[in-house]
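Q: This is input.cif, which holds mmCIF, N, CA and C atoms:
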data_work
loop_
_atom_site.label_atom_id
_atom_site.label_comp_id
_atom_site.auth_asym_id
_atom_site.auth_seq_id
_atom_site.Cartn_x
_atom_site.Cartn_y
_atom_site.Cartn_z
N MET A 7 -29.82 -42.85 -39.35
CA MET A 7 -29.05 -42.61 -38.17
C MET A 7 -29.94 -42.26 -36.98
N ALA A 8 -31.19 -42.18 -37.19
CA ALA A 8 -32.08 -41.89 -36.08
C ALA A 8 -32.02 -43.01 -35.07
N GLY A 9 -32.03 -42.64 -33.79
CA GLY A 9 -32.01 -43.63 -32.73
C GLY A 9 -30.61 -44.07 -32.34
N THR A 10 -29.56 -43.46 -32.88
CA THR A 10 -28.19 -43.82 -32.53
C THR A 10 -27.81 -43.12 -31.23
N ASP A 11 -27.34 -43.89 -30.26
CA ASP A 11 -26.89 -43.33 -28.97
C ASP A 11 -25.39 -43.11 -29.00
N VAL A 12 -24.96 -42.04 -28.34
CA VAL A 12 -23.53 -41.75 -28.21
C VAL A 12 -23.13 -42.09 -26.79
N VAL A 13 -22.06 -42.90 -26.66
CA VAL A 13 -21.58 -43.30 -25.36
C VAL A 13 -20.15 -42.80 -25.18
N PHE A 14 -19.90 -42.14 -24.05
CA PHE A 14 -18.57 -41.64 -23.76
C PHE A 14 -17.90 -42.57 -22.76
N ASP A 15 -16.63 -42.91 -23.02
CA ASP A 15 -15.88 -43.79 -22.13
C ASP A 15 -15.16 -43.02 -21.03
N LYS A 16 -14.80 -41.78 -21.29
CA LYS A 16 -14.00 -41.02 -20.33
C LYS A 16 -14.76 -39.79 -19.87
N LYS A 17 -14.48 -39.43 -18.63
CA LYS A 17 -15.00 -38.17 -18.11
C LYS A 17 -13.86 -37.16 -18.11
N THR A 18 -14.18 -35.98 -18.54
CA THR A 18 -13.19 -34.91 -18.57
C THR A 18 -13.34 -34.06 -17.33
N LYS A 19 -12.22 -33.85 -16.65
CA LYS A 19 -12.24 -33.03 -15.45
C LYS A 19 -11.49 -31.73 -15.76
N LEU A 20 -12.15 -30.61 -15.52
CA LEU A 20 -11.54 -29.32 -15.76
C LEU A 20 -11.04 -28.74 -14.45
N ASN A 21 -9.82 -28.28 -14.47
CA ASN A 21 -9.27 -27.58 -13.32
C ASN A 21 -9.30 -26.10 -13.64
N VAL A 22 -10.19 -25.40 -12.98
CA VAL A 22 -10.33 -23.97 -13.20
C VAL A 22 -9.78 -23.25 -11.99
N SER A 23 -8.86 -22.33 -12.23
CA SER A 23 -8.28 -21.58 -11.13
C SER A 23 -8.66 -20.11 -11.25
N GLU A 24 -8.59 -19.43 -10.14
CA GLU A 24 -8.87 -18.00 -10.13
C GLU A 24 -7.78 -17.27 -10.89
N PRO A 25 -8.13 -16.18 -11.57
CA PRO A 25 -7.09 -15.43 -12.30
C PRO A 25 -6.14 -14.75 -11.31
N THR A 26 -4.91 -14.56 -11.77
CA THR A 26 -3.92 -13.86 -10.96
C THR A 26 -4.34 -12.40 -10.81
N LEU A 27 -4.17 -11.87 -9.61
CA LEU A 27 -4.51 -10.48 -9.37
C LEU A 27 -3.25 -9.63 -9.37
N TRP A 28 -3.42 -8.37 -9.77
CA TRP A 28 -2.31 -7.43 -9.87
C TRP A 28 -2.63 -6.18 -9.06
N LYS A 29 -1.63 -5.70 -8.31
CA LYS A 29 -1.76 -4.45 -7.57
C LYS A 29 -1.32 -3.31 -8.48
N VAL A 30 -2.07 -2.23 -8.46
CA VAL A 30 -1.65 -1.01 -9.14
C VAL A 30 -1.07 -0.11 -8.05
N VAL A 31 0.22 0.22 -8.20
CA VAL A 31 0.95 0.93 -7.16
C VAL A 31 1.39 2.31 -7.66
N PHE A 32 1.10 3.33 -6.87
CA PHE A 32 1.58 4.69 -7.15
C PHE A 32 2.88 4.88 -6.40
N LEU A 33 3.86 5.52 -7.07
CA LEU A 33 5.15 5.80 -6.45
C LEU A 33 5.29 7.30 -6.22
N ASN A 34 5.90 7.66 -5.11
CA ASN A 34 6.04 9.06 -4.73
C ASN A 34 7.03 9.79 -5.64
N ASP A 35 6.76 11.05 -5.89
CA ASP A 35 7.72 11.94 -6.53
C ASP A 35 7.56 13.32 -5.90
N ASP A 36 8.47 14.23 -6.22
CA ASP A 36 8.44 15.55 -5.61
C ASP A 36 7.72 16.60 -6.47
N VAL A 37 7.08 16.17 -7.56
CA VAL A 37 6.49 17.12 -8.49
C VAL A 37 4.96 17.02 -8.53
N THR A 38 4.43 15.81 -8.56
CA THR A 38 2.98 15.62 -8.73
C THR A 38 2.24 16.10 -7.47
N PRO A 39 1.29 17.03 -7.63
CA PRO A 39 0.55 17.55 -6.47
C PRO A 39 -0.38 16.50 -5.84
N ILE A 40 -0.52 16.61 -4.54
CA ILE A 40 -1.39 15.71 -3.79
C ILE A 40 -2.82 15.76 -4.32
N ASP A 41 -3.30 16.94 -4.63
CA ASP A 41 -4.68 17.08 -5.13
C ASP A 41 -4.88 16.33 -6.44
N PHE A 42 -3.84 16.32 -7.30
CA PHE A 42 -3.95 15.60 -8.56
C PHE A 42 -4.01 14.09 -8.32
N VAL A 43 -3.19 13.59 -7.41
CA VAL A 43 -3.20 12.15 -7.10
C VAL A 43 -4.56 11.75 -6.54
N ILE A 44 -5.10 12.56 -5.66
CA ILE A 44 -6.44 12.28 -5.10
C ILE A 44 -7.47 12.23 -6.23
N SER A 45 -7.41 13.18 -7.15
CA SER A 45 -8.39 13.20 -8.24
C SER A 45 -8.25 11.98 -9.15
N LEU A 46 -7.01 11.52 -9.40
CA LEU A 46 -6.82 10.28 -10.19
C LEU A 46 -7.45 9.08 -9.49
N LEU A 47 -7.22 8.99 -8.19
CA LEU A 47 -7.77 7.85 -7.44
C LEU A 47 -9.30 7.87 -7.46
N ILE A 48 -9.88 9.04 -7.42
CA ILE A 48 -11.34 9.15 -7.45
C ILE A 48 -11.88 8.86 -8.85
N GLU A 49 -11.29 9.47 -9.87
CA GLU A 49 -11.82 9.36 -11.23
C GLU A 49 -11.52 8.01 -11.89
N VAL A 50 -10.28 7.55 -11.80
CA VAL A 50 -9.88 6.34 -12.51
C VAL A 50 -10.11 5.08 -11.67
N PHE A 51 -9.81 5.18 -10.37
CA PHE A 51 -9.86 3.98 -9.52
C PHE A 51 -11.10 3.91 -8.65
N LYS A 52 -11.99 4.89 -8.78
CA LYS A 52 -13.31 4.91 -8.13
C LYS A 52 -13.25 4.88 -6.60
N HIS A 53 -12.23 5.53 -6.05
CA HIS A 53 -12.17 5.68 -4.59
C HIS A 53 -13.11 6.80 -4.17
N ASN A 54 -13.56 6.75 -2.92
CA ASN A 54 -14.23 7.92 -2.38
C ASN A 54 -13.15 8.87 -1.87
N PHE A 55 -13.53 10.08 -1.48
CA PHE A 55 -12.52 11.07 -1.11
C PHE A 55 -11.63 10.60 0.03
N GLU A 56 -12.21 10.02 1.05
CA GLU A 56 -11.43 9.61 2.23
C GLU A 56 -10.41 8.52 1.90
N SER A 57 -10.82 7.51 1.14
CA SER A 57 -9.87 6.44 0.82
C SER A 57 -8.80 6.96 -0.14
N ALA A 58 -9.17 7.87 -1.06
CA ALA A 58 -8.19 8.46 -1.98
C ALA A 58 -7.17 9.27 -1.19
N ARG A 59 -7.62 10.00 -0.21
CA ARG A 59 -6.72 10.80 0.64
C ARG A 59 -5.79 9.89 1.43
N THR A 60 -6.32 8.78 1.95
CA THR A 60 -5.51 7.84 2.73
C THR A 60 -4.40 7.23 1.86
N VAL A 61 -4.75 6.78 0.66
CA VAL A 61 -3.76 6.19 -0.24
C VAL A 61 -2.72 7.24 -0.63
N THR A 62 -3.18 8.46 -0.91
CA THR A 62 -2.26 9.53 -1.29
C THR A 62 -1.27 9.84 -0.17
N MET A 63 -1.72 9.83 1.06
CA MET A 63 -0.82 10.08 2.18
C MET A 63 0.17 8.93 2.37
N GLN A 64 -0.26 7.70 2.08
CA GLN A 64 0.67 6.56 2.11
C GLN A 64 1.76 6.77 1.06
N VAL A 65 1.37 7.18 -0.13
CA VAL A 65 2.33 7.43 -1.20
C VAL A 65 3.31 8.51 -0.74
N HIS A 66 2.79 9.57 -0.20
CA HIS A 66 3.61 10.72 0.21
C HIS A 66 4.55 10.37 1.37
N GLU A 67 4.05 9.66 2.36
CA GLU A 67 4.83 9.39 3.57
C GLU A 67 5.68 8.12 3.49
N GLN A 68 5.20 7.09 2.77
CA GLN A 68 5.90 5.80 2.74
C GLN A 68 6.58 5.52 1.40
N GLY A 69 6.33 6.36 0.41
CA GLY A 69 6.98 6.18 -0.89
C GLY A 69 6.15 5.46 -1.93
N SER A 70 5.11 4.75 -1.49
CA SER A 70 4.22 4.07 -2.43
C SER A 70 2.89 3.76 -1.75
N GLY A 71 1.89 3.52 -2.58
CA GLY A 71 0.57 3.16 -2.08
C GLY A 71 -0.20 2.40 -3.13
N ILE A 72 -1.06 1.50 -2.69
CA ILE A 72 -1.82 0.65 -3.60
C ILE A 72 -3.13 1.35 -3.97
N ALA A 73 -3.28 1.59 -5.27
CA ALA A 73 -4.49 2.23 -5.78
C ALA A 73 -5.63 1.23 -5.90
N GLY A 74 -5.30 -0.04 -6.16
CA GLY A 74 -6.33 -1.07 -6.30
C GLY A 74 -5.71 -2.40 -6.69
N VAL A 75 -6.52 -3.45 -6.61
CA VAL A 75 -6.10 -4.79 -6.99
C VAL A 75 -7.12 -5.33 -7.99
N TYR A 76 -6.63 -5.74 -9.16
CA TYR A 76 -7.51 -6.11 -10.27
C TYR A 76 -6.93 -7.30 -11.03
N ASN A 77 -7.73 -7.87 -11.92
CA ASN A 77 -7.15 -8.86 -12.84
C ASN A 77 -6.25 -8.10 -13.81
N TYR A 78 -5.44 -8.81 -14.56
CA TYR A 78 -4.40 -8.19 -15.37
C TYR A 78 -4.93 -7.14 -16.34
N GLU A 79 -5.96 -7.47 -17.07
CA GLU A 79 -6.47 -6.57 -18.10
C GLU A 79 -6.98 -5.26 -17.51
N ILE A 80 -7.70 -5.35 -16.42
CA ILE A 80 -8.23 -4.14 -15.79
C ILE A 80 -7.10 -3.32 -15.18
N ALA A 81 -6.15 -3.99 -14.50
CA ALA A 81 -5.01 -3.28 -13.93
C ALA A 81 -4.22 -2.56 -15.01
N GLU A 82 -4.01 -3.23 -16.13
CA GLU A 82 -3.26 -2.63 -17.23
C GLU A 82 -3.99 -1.41 -17.80
N ALA A 83 -5.29 -1.52 -17.97
CA ALA A 83 -6.08 -0.41 -18.51
C ALA A 83 -6.07 0.78 -17.56
N LYS A 84 -6.26 0.54 -16.27
CA LYS A 84 -6.27 1.62 -15.30
C LYS A 84 -4.89 2.26 -15.15
N THR A 85 -3.84 1.45 -15.19
CA THR A 85 -2.48 1.97 -15.12
C THR A 85 -2.20 2.87 -16.32
N SER A 86 -2.58 2.42 -17.49
CA SER A 86 -2.38 3.19 -18.71
C SER A 86 -3.18 4.49 -18.69
N GLU A 87 -4.43 4.42 -18.29
CA GLU A 87 -5.28 5.61 -18.24
C GLU A 87 -4.72 6.64 -17.26
N ALA A 88 -4.33 6.20 -16.07
CA ALA A 88 -3.81 7.12 -15.06
C ALA A 88 -2.47 7.71 -15.50
N THR A 89 -1.62 6.91 -16.11
CA THR A 89 -0.33 7.41 -16.61
C THR A 89 -0.54 8.44 -17.71
N ASN A 90 -1.45 8.15 -18.63
CA ASN A 90 -1.74 9.10 -19.72
C ASN A 90 -2.29 10.42 -19.19
N LEU A 91 -3.18 10.35 -18.20
CA LEU A 91 -3.71 11.58 -17.60
C LEU A 91 -2.61 12.36 -16.90
N SER A 92 -1.71 11.66 -16.23
CA SER A 92 -0.59 12.33 -15.55
C SER A 92 0.29 13.06 -16.55
N ARG A 93 0.65 12.39 -17.63
CA ARG A 93 1.51 13.01 -18.65
C ARG A 93 0.80 14.16 -19.35
N ALA A 94 -0.48 14.01 -19.62
CA ALA A 94 -1.25 15.07 -20.28
C ALA A 94 -1.30 16.33 -19.42
N ASN A 95 -1.20 16.15 -18.10
CA ASN A 95 -1.22 17.29 -17.18
C ASN A 95 0.20 17.73 -16.78
N GLY A 96 1.20 17.10 -17.38
CA GLY A 96 2.59 17.52 -17.14
C GLY A 96 3.23 16.97 -15.88
N PHE A 97 2.70 15.86 -15.35
CA PHE A 97 3.24 15.30 -14.12
C PHE A 97 3.96 13.98 -14.38
N PRO A 98 5.07 13.73 -13.65
CA PRO A 98 5.85 12.50 -13.87
C PRO A 98 5.43 11.33 -12.97
N LEU A 99 4.22 11.33 -12.45
CA LEU A 99 3.79 10.26 -11.54
C LEU A 99 4.07 8.88 -12.13
N GLN A 100 4.76 8.05 -11.36
CA GLN A 100 5.07 6.69 -11.79
C GLN A 100 4.03 5.74 -11.21
N ILE A 101 3.48 4.89 -12.06
CA ILE A 101 2.47 3.91 -11.65
C ILE A 101 2.92 2.58 -12.19
N LYS A 102 2.96 1.57 -11.32
CA LYS A 102 3.39 0.25 -11.78
C LYS A 102 2.39 -0.82 -11.35
N MET A 103 2.52 -1.96 -12.00
CA MET A 103 1.70 -3.12 -11.67
C MET A 103 2.60 -4.16 -11.01
N VAL A 104 2.11 -4.76 -9.93
CA VAL A 104 2.86 -5.79 -9.22
C VAL A 104 1.94 -6.99 -9.03
N GLU A 105 2.42 -8.16 -9.42
CA GLU A 105 1.62 -9.37 -9.26
C GLU A 105 1.43 -9.65 -7.77
N GLU A 106 0.19 -9.96 -7.40
CA GLU A 106 -0.10 -10.23 -5.98
C GLU A 106 0.29 -11.62 -5.61
#
Represent the structure of the file as C-alpha cells.

A:
Amino acid sequence: MAGTDVVFDKKTKLNVSEPTLWKVVFLNDDVTPIDFVISLLIEVFKHNFESARTVTMQVHEQGSGIAGVYNYEIAEAKTSEATNLSRANGFPLQIKMVEE
C-alpha cells in the first residue's frame, strides 16, 4: 500500500458561530445588605470596588443590575456560587441568568 494517494472529491465547510452569551442579573430585595452585594460582586464576579458599588446601586434603585455577561457554563457557575454564598449567609438575594 505504500505510495497510495488519497483524493477527496468534496470540500467540507464548517460554520462556526460565537457561543450565546448570558447576563447574570441581581434582583433587589429588602433584606440583603448593600455591603454583602458589593462583596459578592468583588469576590465572585471580580469587579473592583467602584464598579461593584455602581452595580449595587443600580440593583437598589432600579430593581436589578447586571453582574456580568458570560458564556452559559461560566454564568451558571457564577450564579450558583453567588446564590450559595447568599443562602449560607442567610440572605434571600435572587440571581438569574438572561440570554443576551

Q: Tell me which residues the PyMOL selection byres (((chain A and resi 81 and name CA) around 10) and name CA) grabs here, as a list in words.

A: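 That selection, the PyMOL selection byres (((chain A and resi 81 and name CA) around 10) and name CA), comes back as Leu27, Trp28, Lys29, Val30, Val31, Phe51, Ala73, Gly74, Val75, Tyr76, Asn77, Tyr78, Glu79, Ile80, Glu82, Ala83, Lys84, Thr85, Ser86, Glu87, Lys102, Met103 and Val104 of chain A.
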
Q: For the atom pair atom N of Gln100 in chain A and CA of Phe55 in chain A, what is the interatomic distance in Å to one decimal place?

A: 20.3 Å

Q: So which residues of chain A fall under helix (DSSP H, G or I) by DSSP, listed as a ChimeraX atom specification?

A: /A:40-49,55-68,78-94

Q: Could you find all residues in range 16-104 of chain A that DSSP calls strand (DSSP E) from the backbone, and write them as an MDAnalysis selection string?

A: chainID A and resid 27:33 70:77 100:104

Q: Atoms to include: N, CA and C atoms. Write the selected residues as a compact mmCIF listing (two decimals), in the coordinates of the input.

A:
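What follows is the written file again39.txt:
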# COMPACT_ATOMS: atom_id res chain seq x y z
N LEU A 27 -4.17 -11.87 -9.61
CA LEU A 27 -4.51 -10.48 -9.37
C LEU A 27 -3.25 -9.63 -9.37
N TRP A 28 -3.42 -8.37 -9.77
CA TRP A 28 -2.31 -7.43 -9.87
C TRP A 28 -2.63 -6.18 -9.06
N LYS A 29 -1.63 -5.70 -8.31
CA LYS A 29 -1.76 -4.45 -7.57
C LYS A 29 -1.32 -3.31 -8.48
N VAL A 30 -2.07 -2.23 -8.46
CA VAL A 30 -1.65 -1.01 -9.14
C VAL A 30 -1.07 -0.11 -8.05
N VAL A 31 0.22 0.22 -8.20
CA VAL A 31 0.95 0.93 -7.16
C VAL A 31 1.39 2.31 -7.66
N PHE A 32 1.10 3.33 -6.87
CA PHE A 32 1.58 4.69 -7.15
C PHE A 32 2.88 4.88 -6.40
N LEU A 33 3.86 5.52 -7.07
CA LEU A 33 5.15 5.80 -6.45
C LEU A 33 5.29 7.30 -6.22
N SER A 70 5.11 4.75 -1.49
CA SER A 70 4.22 4.07 -2.43
C SER A 70 2.89 3.76 -1.75
N GLY A 71 1.89 3.52 -2.58
CA GLY A 71 0.57 3.16 -2.08
C GLY A 71 -0.20 2.40 -3.13
N ILE A 72 -1.06 1.50 -2.69
CA ILE A 72 -1.82 0.65 -3.60
C ILE A 72 -3.13 1.35 -3.97
N ALA A 73 -3.28 1.59 -5.27
CA ALA A 73 -4.49 2.23 -5.78
C ALA A 73 -5.63 1.23 -5.90
N GLY A 74 -5.30 -0.04 -6.16
CA GLY A 74 -6.33 -1.07 -6.30
C GLY A 74 -5.71 -2.40 -6.69
N VAL A 75 -6.52 -3.45 -6.61
CA VAL A 75 -6.10 -4.79 -6.99
C VAL A 75 -7.12 -5.33 -7.99
N TYR A 76 -6.63 -5.74 -9.16
CA TYR A 76 -7.51 -6.11 -10.27
C TYR A 76 -6.93 -7.30 -11.03
N ASN A 77 -7.73 -7.87 -11.92
CA ASN A 77 -7.15 -8.86 -12.84
C ASN A 77 -6.25 -8.10 -13.81
N GLN A 100 4.76 8.05 -11.36
CA GLN A 100 5.07 6.69 -11.79
C GLN A 100 4.03 5.74 -11.21
N ILE A 101 3.48 4.89 -12.06
CA ILE A 101 2.47 3.91 -11.65
C ILE A 101 2.92 2.58 -12.19
N LYS A 102 2.96 1.57 -11.32
CA LYS A 102 3.39 0.25 -11.78
C LYS A 102 2.39 -0.82 -11.35
N MET A 103 2.52 -1.96 -12.00
CA MET A 103 1.70 -3.12 -11.67
C MET A 103 2.60 -4.16 -11.01
N VAL A 104 2.11 -4.76 -9.93
CA VAL A 104 2.86 -5.79 -9.22
C VAL A 104 1.94 -6.99 -9.03

Q: As an exercise, work out the distance from CA of Ile44 in chain A to atom C of Ala58 in chain A in Å and give it to one decimal place.

A: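 Answer for the CA of Ile44 in chain A to atom C of Ala58 in chain A separation: 5.0 Å.
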